[in-house]
Amino acid sequence: MIKPFWQRTTKVTPAVREEYLVRDKLAWLLIMQTVLILPLLFNLPAWLGLAWAISASWRIQMFRGRWSAPGKVAKSLLTAICVAGMFASYSGNTSTEAMVGLLVCTFSLKLLEVNSTRDAQFLIFIGFIITASQLLFSQTPQAAAFCLFSMLLLLSCWRSLHLTHEQSPTLRLKRGGAIILHALPVMLVLFLVVPRLGPLWAIPNQQAAKTGFSDSLSPGDLGNLALNPAPAFRVSFTNQTPPPANQLYWRGIVLDGFDGRAWKMRDSWGRASENGSSIKQELIDYSVILEPHGQPWLFSLMTPIETKSATDSIRITADSLLMNRIPVAQRIRYEVTSALKQEWPESPQLQPLQRDGYTRLPLTSNPQTRALGESWRAQQLSDQQIIDKALALFNREFTYTLQPPLLGVHSVDEFLFQSKRGFCEHFASSFSFLLRAAGIPARVVVGYQGGTWNPVENYLLVRQSDAHAWTEVWIEGKGWQMIDPTAAVAPNRIEQGMSEALNASDLELVNSAWQSSSILQQLQIRWDAANYVWQVWVLNYDTKTQEGLLTRLLGGTESWRLTLWLIGLGLLGAGIFAWMLVRRRPSLAIRREVKAIKKLEQKLEQCGYRRAQGETLGDFFQRILVSAPQYRATLQNIHQLFVQIAYQNQAIQIERLEQAIKQFPK
Amino acid sequence: MQSLISSIIGQVDQVLLGKDQQVRLALACLFAEGHLLIEDLPGMGKTTLAHCLAKVLGLKFERVQFTSDLLPADILGVAIFEREQGVFKFHPGPVFTQVLLADEINRSSPKTQSALLEAMEEGQVTIEGKSRLLPSPFFVIATQNPLSQSGTFPLPESQLDRFLMRISLGYPSPASERMLFEGADPRARIRQMEPLVTSEQLAAIQESVHNVKASDSLLDYVQRLVAFTRSDVQFTYGLSPRGALALLRGAKAWALIHNREYLVPEDIQAVLLAVVGHRVRGRGHTQDTEPLVKHLRDSVNVLG
């Protein structure tokens, strides 16, 4: 019976093994390629995986002698197909994906040309570039770990190419790992010391999947997010403590147009005319690390005064929102100063056009609610009274739930007068509608509320499930004021987080998605903290942090200081290595007990006794005792001590031996 | 275990009178799981020693007289066609035993000598492509006659290397020879002897040889000895690492016999001639390496 080719073993002479691609070398190459390409396939067109599989199986068939190597025509054809495929997939765009795709093509097709060890080396070199390109798509700690694993495979594979004898795979991996371990300290030093040049080139056209909420809000949108535990952003406060939960309203977008069903973003009506500037109070500094969500808006607390980021691409809009110039496709970090309170010395005014825009409603939609609002206005109630009345209505009759019934065309009417069960967007939407119907300018704000405090690294983690919608109302003399109708229905939602505000069946729904057990939750907190540290210390390590760190570690960043430190570290390493070398061969040093015996021998020589080279101490003493029996006790004691120290490795104080020899011949 | 060892020595000493040093070396060799080469004239008690050891230790004993026309199959065994059953049946040779006395091993052809090699090194023999395990422990005591060299095939160095120790018994002292004359026939005595140890106990003794400790100081001494054989002009070639290991192993067994769990230089010196003697060669290519080993022992500083 013929064994499958991977089980057949043939003895190969070292010379042949060195030059040709023998079985185990090819196997290592294939495994290495698979691992390296695999994560890239998530971001690249699927046919690339097929191309790779075809060239790999062709190479295996070539190795078995079943198929012949591709000729010039076949090679040209394959190349042409791949290039055409890239054109078709990216329609000629030179995006990062297209470039990496081309690289993967090369990596796959090159396999067909690899016949000797030297060719294979070329494949290894491309492999290193492929490994680096993995980081273009993801910079998480997991991605870095995978990168390290890829390097391990690459190095083991490279080493395998030059092996002249068989070796077990574990040993090969071990040796490859040893190379990485040797390189790690150098890598660390280079990471810390090499000047950070900032991005040399921008990564073009990178698209991030859109996550979180979109730029319109219709009933049911946020309810889906409530089940998503993915992090939205992380905030660390300069004074280490977050403001109370009822102030943690992270504003994302302002929706000021209602089309009968959904709230939409319109052109801003412009900044409310401010008579002089307001007095900002309760300033708070914080920095936000935002996960990519594919949208241009950023999140801040009311009212942002000042913001900073590495790219200087953030502006503060008229609605006091933060906007990035381009959609956020990579994690970004920005710093904000917000005023939690502001007072107006002179009343701010809305232009008539603005007032009209903020109270506009579609004529035919939700007639019942419109009627209710207009009836309140007709009762000559003040704005504040109307707001109180509306909140009281919500507080009295409504239920907060994750599973609201589906609503029809007149969604606000159905919600207010029939179902009376809803999630935050229902409350915000209907509250704003009600106020607008009563002629009070109102708008819906969507963002996140609250967050989880991570005590390990002292930051606030805001998840997608913290997504929230609330209302801002124009109050004469005070400007835009935040009013959260959900707080009137379910105050727990605001104070303690969503899970406190839900009933049993809702909780079950939520728990199945996350928060399974406290241990898991603890782990989650730790893992998130690790992620945060990675972000702060590795990804955000720029010139400023580098300077700060070097100043703290070395006392300055002058080049002579760095040079001295590097030389010092190098010398230290060499010293440790030398010490290890000496320690490994203890025989090089003369042992202390032997030194002591040498002293004794000098004394005995004066008495006329000389130990022959090959004479053991016991024999020597025996010889002495024949003519000088008076030393019996002393010499026996010395001999016993010496044997115990030198040959029995007993923990006997060597001083006792030295003392006995010092006192000899007494 | 110690009382066991001393009772074994006592028993063998009663048969082999006045040869306590050689008996201890032979036992040390056995405990260290090594093979023994005895170089001596006929009639000096080689067979008696081998037989006696086998009996006391409760081991199976076989003896093969090596002659120039001895063939490997005579030692290893042969497959013979059984007419009735119509199959080849393997008839094991004398090598399938526990103590094998290979008498006058240098009389046989190199082919036959090498047949013993696999058995000694691997503890198994391969006959007609099939490996067969030998009983354990497997202990070869080979003898050769140092004087009459005509018509012999001296064992090459590689083969000598397989023997852990080489000893010679030598003439007995007049006193012990007198006792031998006066006493009963040694063969009758051996027949009366009872095994003193079980195979488990023997295995335990062999195991505890490994547990004898060699301190750094002692290893330094061994390394000085080995280095001396490799650099001194009187040696044609030095001691191999295997030879050095054999020296340590033999010395450990020696230390165990003398009731110590650690090595002292005296152990090394005691087994030096037996272990190193057949592994080195002097400039003059003389067969007798005793002066050379003595030179080695006297020239290397014990303490460093």
# chains A, B, ... in the order shown; residues from 1 in each chain; ligands from 1
>>> select_by_dssp(residues="segment 85-193 of chain B", states="strand (DSSP E or B)", output="PDB file with N, CA and C atoms, in the first residue's frame")
ATOM      1  N   VAL B  87       6.594 -24.893   9.304  1.00  0.00           N
ATOM      2  CA  VAL B  87       7.002 -23.509   9.548  1.00  0.00           C
ATOM      3  C   VAL B  87       8.430 -23.492  10.059  1.00  0.00           C
ATOM      4  N   PHE B  88       9.031 -22.288   9.946  1.00  0.00           N
ATOM      5  CA  PHE B  88      10.341 -22.098  10.558  1.00  0.00           C
ATOM      6  C   PHE B  88      10.149 -21.760  12.021  1.00  0.00           C
ATOM      7  N   LYS B  89      10.873 -22.441  12.857  1.00  0.00           N
ATOM      8  CA  LYS B  89      10.732 -22.151  14.282  1.00  0.00           C
ATOM      9  C   LYS B  89      12.069 -21.677  14.817  1.00  0.00           C
ATOM     10  N   PHE B  90      12.015 -20.611  15.591  1.00  0.00           N
ATOM     11  CA  PHE B  90      13.259 -20.027  16.077  1.00  0.00           C
ATOM     12  C   PHE B  90      13.740 -20.772  17.325  1.00  0.00           C
ATOM     13  N   HIS B  91      14.979 -21.200  17.237  1.00  0.00           N
ATOM     14  CA  HIS B  91      15.587 -21.843  18.409  1.00  0.00           C
ATOM     15  C   HIS B  91      16.580 -20.885  19.007  1.00  0.00           C
ATOM     16  N   PRO B  92      16.268 -20.275  20.130  1.00  0.00           N
ATOM     17  CA  PRO B  92      17.161 -19.260  20.693  1.00  0.00           C
ATOM     18  C   PRO B  92      18.508 -19.866  21.068  1.00  0.00           C
ATOM     19  N   VAL B  99      23.321 -13.980  32.480  1.00  0.00           N
ATOM     20  CA  VAL B  99      24.770 -13.834  32.568  1.00  0.00           C
ATOM     21  C   VAL B  99      25.370 -14.727  31.497  1.00  0.00           C
ATOM     22  N   LEU B 100      26.089 -14.103  30.566  1.00  0.00           N
ATOM     23  CA  LEU B 100      26.697 -14.884  29.486  1.00  0.00           C
ATOM     24  C   LEU B 100      28.208 -14.858  29.667  1.00  0.00           C
ATOM     25  N   LEU B 101      28.784 -16.021  29.820  1.00  0.00           N
ATOM     26  CA  LEU B 101      30.243 -16.087  29.904  1.00  0.00           C
ATOM     27  C   LEU B 101      30.773 -16.387  28.514  1.00  0.00           C
ATOM     28  N   ALA B 102      31.452 -15.408  27.900  1.00  0.00           N
ATOM     29  CA  ALA B 102      32.021 -15.600  26.566  1.00  0.00           C
ATOM     30  C   ALA B 102      33.497 -15.909  26.764  1.00  0.00           C
ATOM     31  N   ASP B 103      33.810 -17.209  26.745  1.00  0.00           N
ATOM     32  CA  ASP B 103      35.170 -17.616  27.096  1.00  0.00           C
ATOM     33  C   ASP B 103      36.090 -17.470  25.892  1.00  0.00           C
ATOM     34  N   GLN B 124      19.251  -6.382  22.831  1.00  0.00           N
ATOM     35  CA  GLN B 124      18.380  -7.126  21.937  1.00  0.00           C
ATOM     36  C   GLN B 124      19.236  -7.705  20.817  1.00  0.00           C
ATOM     37  N   VAL B 125      18.698  -8.740  20.128  1.00  0.00           N
ATOM     38  CA  VAL B 125      19.397  -9.248  18.963  1.00  0.00           C
ATOM     39  C   VAL B 125      18.433  -9.262  17.799  1.00  0.00           C
ATOM     40  N   THR B 126      18.985  -9.100  16.599  1.00  0.00           N
ATOM     41  CA  THR B 126      18.156  -9.108  15.406  1.00  0.00           C
ATOM     42  C   THR B 126      18.516 -10.332  14.587  1.00  0.00           C
ATOM     43  N   ILE B 127      17.548 -11.209  14.469  1.00  0.00           N
ATOM     44  CA  ILE B 127      17.779 -12.420  13.693  1.00  0.00           C
ATOM     45  C   ILE B 127      16.731 -12.500  12.608  1.00  0.00           C
ATOM     46  N   LYS B 130      14.191  -9.740  12.502  1.00  0.00           N
ATOM     47  CA  LYS B 130      13.263  -9.546  13.605  1.00  0.00           C
ATOM     48  C   LYS B 130      14.049  -9.299  14.887  1.00  0.00           C
ATOM     49  N   SER B 131      13.711  -8.215  15.588  1.00  0.00           N
ATOM     50  CA  SER B 131      14.437  -7.925  16.821  1.00  0.00           C
ATOM     51  C   SER B 131      13.811  -8.695  17.975  1.00  0.00           C
ATOM     52  N   ARG B 132      14.668  -9.312  18.758  1.00  0.00           N
ATOM     53  CA  ARG B 132      14.183 -10.056  19.921  1.00  0.00           C
ATOM     54  C   ARG B 132      14.864  -9.498  21.148  1.00  0.00           C
ATOM     55  N   LEU B 133      14.046  -9.175  22.133  1.00  0.00           N
ATOM     56  CA  LEU B 133      14.602  -8.611  23.367  1.00  0.00           C
ATOM     57  C   LEU B 133      15.272  -9.702  24.178  1.00  0.00           C
ATOM     58  N   PHE B 139      24.135  -9.436  31.160  1.00  0.00           N
ATOM     59  CA  PHE B 139      25.461  -9.125  31.664  1.00  0.00           C
ATOM     60  C   PHE B 139      26.438 -10.070  30.993  1.00  0.00           C
ATOM     61  N   VAL B 140      27.368  -9.518  30.213  1.00  0.00           N
ATOM     62  CA  VAL B 140      28.345 -10.352  29.520  1.00  0.00           C
ATOM     63  C   VAL B 140      29.655 -10.327  30.283  1.00  0.00           C
ATOM     64  N   ILE B 141      30.139 -11.502  30.620  1.00  0.00           N
ATOM     65  CA  ILE B 141      31.490 -11.598  31.160  1.00  0.00           C
ATOM     66  C   ILE B 141      32.321 -12.300  30.097  1.00  0.00           C
ATOM     67  N   ALA B 142      33.234 -11.534  29.488  1.00  0.00           N
ATOM     68  CA  ALA B 142      34.063 -12.128  28.453  1.00  0.00           C
ATOM     69  C   ALA B 142      35.468 -12.323  29.016  1.00  0.00           C
ATOM     70  N   THR B 143      36.135 -13.361  28.552  1.00  0.00           N
ATOM     71  CA  THR B 143      37.512 -13.554  28.998  1.00  0.00           C
ATOM     72  C   THR B 143      38.399 -13.599  27.783  1.00  0.00           C
ATOM     73  N   GLN B 144      39.631 -13.199  27.970  1.00  0.00           N
ATOM     74  CA  GLN B 144      40.598 -13.444  26.910  1.00  0.00           C
ATOM     75  C   GLN B 144      41.956 -13.746  27.531  1.00  0.00           C
ATOM     76  N   PHE B 163      32.906  -2.762  26.867  1.00  0.00           N
ATOM     77  CA  PHE B 163      33.065  -3.321  28.206  1.00  0.00           C
ATOM     78  C   PHE B 163      33.301  -2.189  29.185  1.00  0.00           C
ATOM     79  N   LEU B 164      32.491  -2.188  30.247  1.00  0.00           N
ATOM     80  CA  LEU B 164      32.662  -1.113  31.231  1.00  0.00           C
ATOM     81  C   LEU B 164      34.010  -1.258  31.928  1.00  0.00           C
ATOM     82  N   MET B 165      34.358  -2.496  32.274  1.00  0.00           N
ATOM     83  CA  MET B 165      35.599  -2.701  33.027  1.00  0.00           C
ATOM     84  C   MET B 165      36.382  -3.860  32.441  1.00  0.00           C
ATOM     85  N   ARG B 166      37.671  -3.768  32.596  1.00  0.00           N
ATOM     86  CA  ARG B 166      38.537  -4.910  32.300  1.00  0.00           C
ATOM     87  C   ARG B 166      39.352  -5.193  33.551  1.00  0.00           C
ATOM     88  N   ILE B 167      39.266  -6.416  34.033  1.00  0.00           N
ATOM     89  CA  ILE B 167      40.046  -6.771  35.231  1.00  0.00           C
ATOM     90  C   ILE B 167      40.825  -8.045  34.953  1.00  0.00           C
TER      91      ILE B 167
END
>>> interface_residues(of="chain B", to="chain A", cutoff="8 Å", atoms="only C-alpha atoms", output="list in words")
Lys213, Ala214, Ser215, Asp216, Ser217, Leu218, Asp220, Tyr262, Leu263, Val264, Pro265, Glu266, Arg297, Asp298, Ser299, Val300, Asn301, Val302, Leu303 and Gly304 of chain B
>>> residues_around(residues="segment 148-159 of chain A", least_positions_apart="3", cutoff="10 Å", atoms="only C-alpha atoms", output="PyMOL selection string")
chain A and resi 24-33+35-37+117+120-121+123-125+127-128+130-132+134+142-145+162-163+169-181
>>> closest_residue(among="A:Leu321, A:Leu227, A:Leu381, A:Thr486", to="Tyr400 of chain A", atoms="only C-alpha atoms")
A:Thr486
>>> residues_around(residues="Ile284 of chain A", least_positions_apart="5", cutoff="7 Å", atoms="only C-alpha atoms", output="VMD selection string")
chain A and resid 337 to 339
>>> write_last_selection(atoms="C-alpha atoms", output="compact mmCIF listing (two decimals), in the first residue's frame")
# COMPACT_ATOMS: atom_id res chain seq x y z
CA THR A 337 -12.95 70.86 27.98
CA SER A 338 -16.65 71.17 28.73
CA ALA A 339 -18.62 73.53 30.91
>>> atom_distance(atom1="atom CA of Trp47 of chain A", atom2="atom CA of Ser89 of chain A")
9.6 Å
>>> residues_around(residues="Phe191 of chain A", least_positions_apart="3", cutoff="12 Å", atoms="only C-alpha atoms", output="MDAnalysis selection string")
chainID A and resid 184:188 194:196 537:539 541:543 546 549:550
>>> write_last_selection(atoms="N, CA, C and O atoms", output="compact mmCIF listing (two decimals), in the first residue's frame")
# COMPACT_ATOMS: atom_id res chain seq x y z
N LEU A 184 13.23 40.70 21.38
CA LEU A 184 12.24 41.52 22.10
C LEU A 184 12.85 42.71 22.85
O LEU A 184 12.33 43.81 22.73
N PRO A 185 13.92 42.51 23.64
CA PRO A 185 14.47 43.67 24.33
C PRO A 185 14.91 44.77 23.38
O PRO A 185 14.65 45.96 23.64
N VAL A 186 15.53 44.37 22.29
CA VAL A 186 15.96 45.37 21.30
C VAL A 186 14.75 46.10 20.75
O VAL A 186 14.74 47.33 20.62
N MET A 187 13.69 45.32 20.46
CA MET A 187 12.46 45.91 19.95
C MET A 187 11.90 46.94 20.92
O MET A 187 11.52 48.04 20.54
N LEU A 188 11.89 46.55 22.19
CA LEU A 188 11.34 47.43 23.22
C LEU A 188 12.13 48.73 23.28
O LEU A 188 11.56 49.83 23.31
N VAL A 194 13.44 55.32 19.44
CA VAL A 194 13.47 55.86 18.07
C VAL A 194 12.48 57.01 17.94
O VAL A 194 11.35 56.92 18.42
N PRO A 195 12.90 58.13 17.32
CA PRO A 195 12.00 59.29 17.22
C PRO A 195 10.71 58.92 16.51
O PRO A 195 10.71 58.17 15.54
N ARG A 196 9.58 59.45 17.03
CA ARG A 196 8.29 59.19 16.41
C ARG A 196 8.10 60.22 15.34
O ARG A 196 8.03 61.41 15.61
N TRP A 537 -0.79 53.44 25.72
CA TRP A 537 0.68 53.37 25.77
C TRP A 537 1.32 52.92 24.48
O TRP A 537 2.48 53.23 24.23
N VAL A 538 0.62 52.15 23.67
CA VAL A 538 1.26 51.67 22.45
C VAL A 538 0.79 52.49 21.24
O VAL A 538 1.59 53.05 20.52
N LEU A 539 -0.53 52.56 21.06
CA LEU A 539 -1.02 53.21 19.84
C LEU A 539 -0.90 54.73 19.91
O LEU A 539 -0.68 55.38 18.91
N TYR A 541 1.40 56.33 21.50
CA TYR A 541 2.75 56.71 21.91
C TYR A 541 3.33 57.64 20.85
O TYR A 541 3.75 57.20 19.79
N ASP A 542 3.31 58.94 21.12
CA ASP A 542 3.80 59.88 20.12
C ASP A 542 4.96 60.68 20.70
O ASP A 542 5.44 60.40 21.79
N THR A 543 5.39 61.65 19.95
CA THR A 543 6.57 62.41 20.35
C THR A 543 6.42 62.97 21.75
O THR A 543 7.36 62.96 22.55
N GLN A 546 6.62 60.28 24.31
CA GLN A 546 7.99 59.77 24.31
C GLN A 546 8.89 60.70 25.11
O GLN A 546 9.65 60.26 25.97
N LEU A 549 8.14 60.34 28.78
CA LEU A 549 8.62 59.08 29.35
C LEU A 549 10.14 59.10 29.49
O LEU A 549 10.70 58.73 30.52
N LEU A 550 10.82 59.57 28.43
CA LEU A 550 12.28 59.57 28.47
C LEU A 550 12.78 60.51 29.55
O LEU A 550 13.75 60.22 30.26
>>> atom_distance(atom1="atom CA of Val235 of chain A", atom2="atom CA of Leu460 of chain A")
5.0 Å
>>> residues_around(residues="Val233 of chain B", least_positions_apart="2", cutoff="12 Å", atoms="only C-alpha atoms", output="ChimeraX atom specification")
/B:227-231,235-238,281-284,292,295-296
>>> closest_residue(among="A:Ser55, A:Ser160, A:Lys75, A:Phe107", to="Arg23 of chain A", atoms="only C-alpha atoms")
A:Ser160
>>> atom_distance(atom1="atom CA of Gln201 of chain B", atom2="atom CA of Leu4 of chain B")
9.1 Å
>>> residues_around(residues="Leu248 of chain B", least_positions_apart="5", cutoff="9 Å", atoms="only C-alpha atoms", output="ChimeraX atom specification")
/B:214,219,222,243,253,263,268
>>> write_last_selection(atoms="all heavy atoms", output="compact mmCIF listing (two decimals), in the first residue's frame")
# COMPACT_ATOMS: atom_id res chain seq x y z
N ALA B 214 27.67 13.23 42.50
CA ALA B 214 29.02 13.64 42.17
C ALA B 214 29.09 15.15 42.30
O ALA B 214 28.39 15.87 41.61
CB ALA B 214 29.36 13.22 40.74
N LEU B 219 33.67 16.34 39.87
CA LEU B 219 33.59 16.41 38.41
C LEU B 219 34.80 17.15 37.86
O LEU B 219 35.32 16.81 36.79
CB LEU B 219 32.29 17.08 37.99
CG LEU B 219 31.03 16.28 38.30
CD1 LEU B 219 29.80 17.02 37.82
CD2 LEU B 219 31.08 14.91 37.64
N VAL B 222 37.48 14.63 37.59
CA VAL B 222 37.29 13.75 36.43
C VAL B 222 37.68 14.48 35.15
O VAL B 222 38.36 13.93 34.28
CB VAL B 222 35.84 13.26 36.35
CG1 VAL B 222 35.58 12.50 35.06
CG2 VAL B 222 35.51 12.38 37.54
N GLY B 243 33.97 7.09 27.58
CA GLY B 243 34.89 6.54 28.57
C GLY B 243 34.80 7.30 29.89
O GLY B 243 34.80 6.69 30.97
N ALA B 253 29.06 3.07 41.27
CA ALA B 253 28.73 1.74 41.77
C ALA B 253 29.70 1.35 42.89
O ALA B 253 29.32 0.73 43.89
CB ALA B 253 28.79 0.73 40.63
N LEU B 263 30.38 10.61 45.75
CA LEU B 263 31.66 10.14 45.24
C LEU B 263 32.80 10.88 45.92
O LEU B 263 32.70 12.08 46.19
CB LEU B 263 31.74 10.39 43.74
CG LEU B 263 31.00 9.41 42.83
CD1 LEU B 263 31.14 9.86 41.39
CD2 LEU B 263 31.57 8.03 43.00
N ILE B 268 37.13 7.09 42.29
CA ILE B 268 37.62 7.22 40.92
C ILE B 268 38.93 6.44 40.76
O ILE B 268 39.11 5.67 39.82
CB ILE B 268 37.85 8.71 40.59
CG1 ILE B 268 36.57 9.51 40.73
CG2 ILE B 268 38.45 8.86 39.18
CD1 ILE B 268 35.59 9.33 39.63
>>> closest_residue(among="B:Ser199, B:Ser108, B:Thr289, B:Ser168", to="Gln234 of chain B", atoms="only C-alpha atoms")
B:Thr289
>>> select_by_dssp(residues="segment 371-471 of chain A", states="alpha helix (DSSP H)", output="number ranges by chain")
A: 371-378, 383-397, 411-414, 424-437
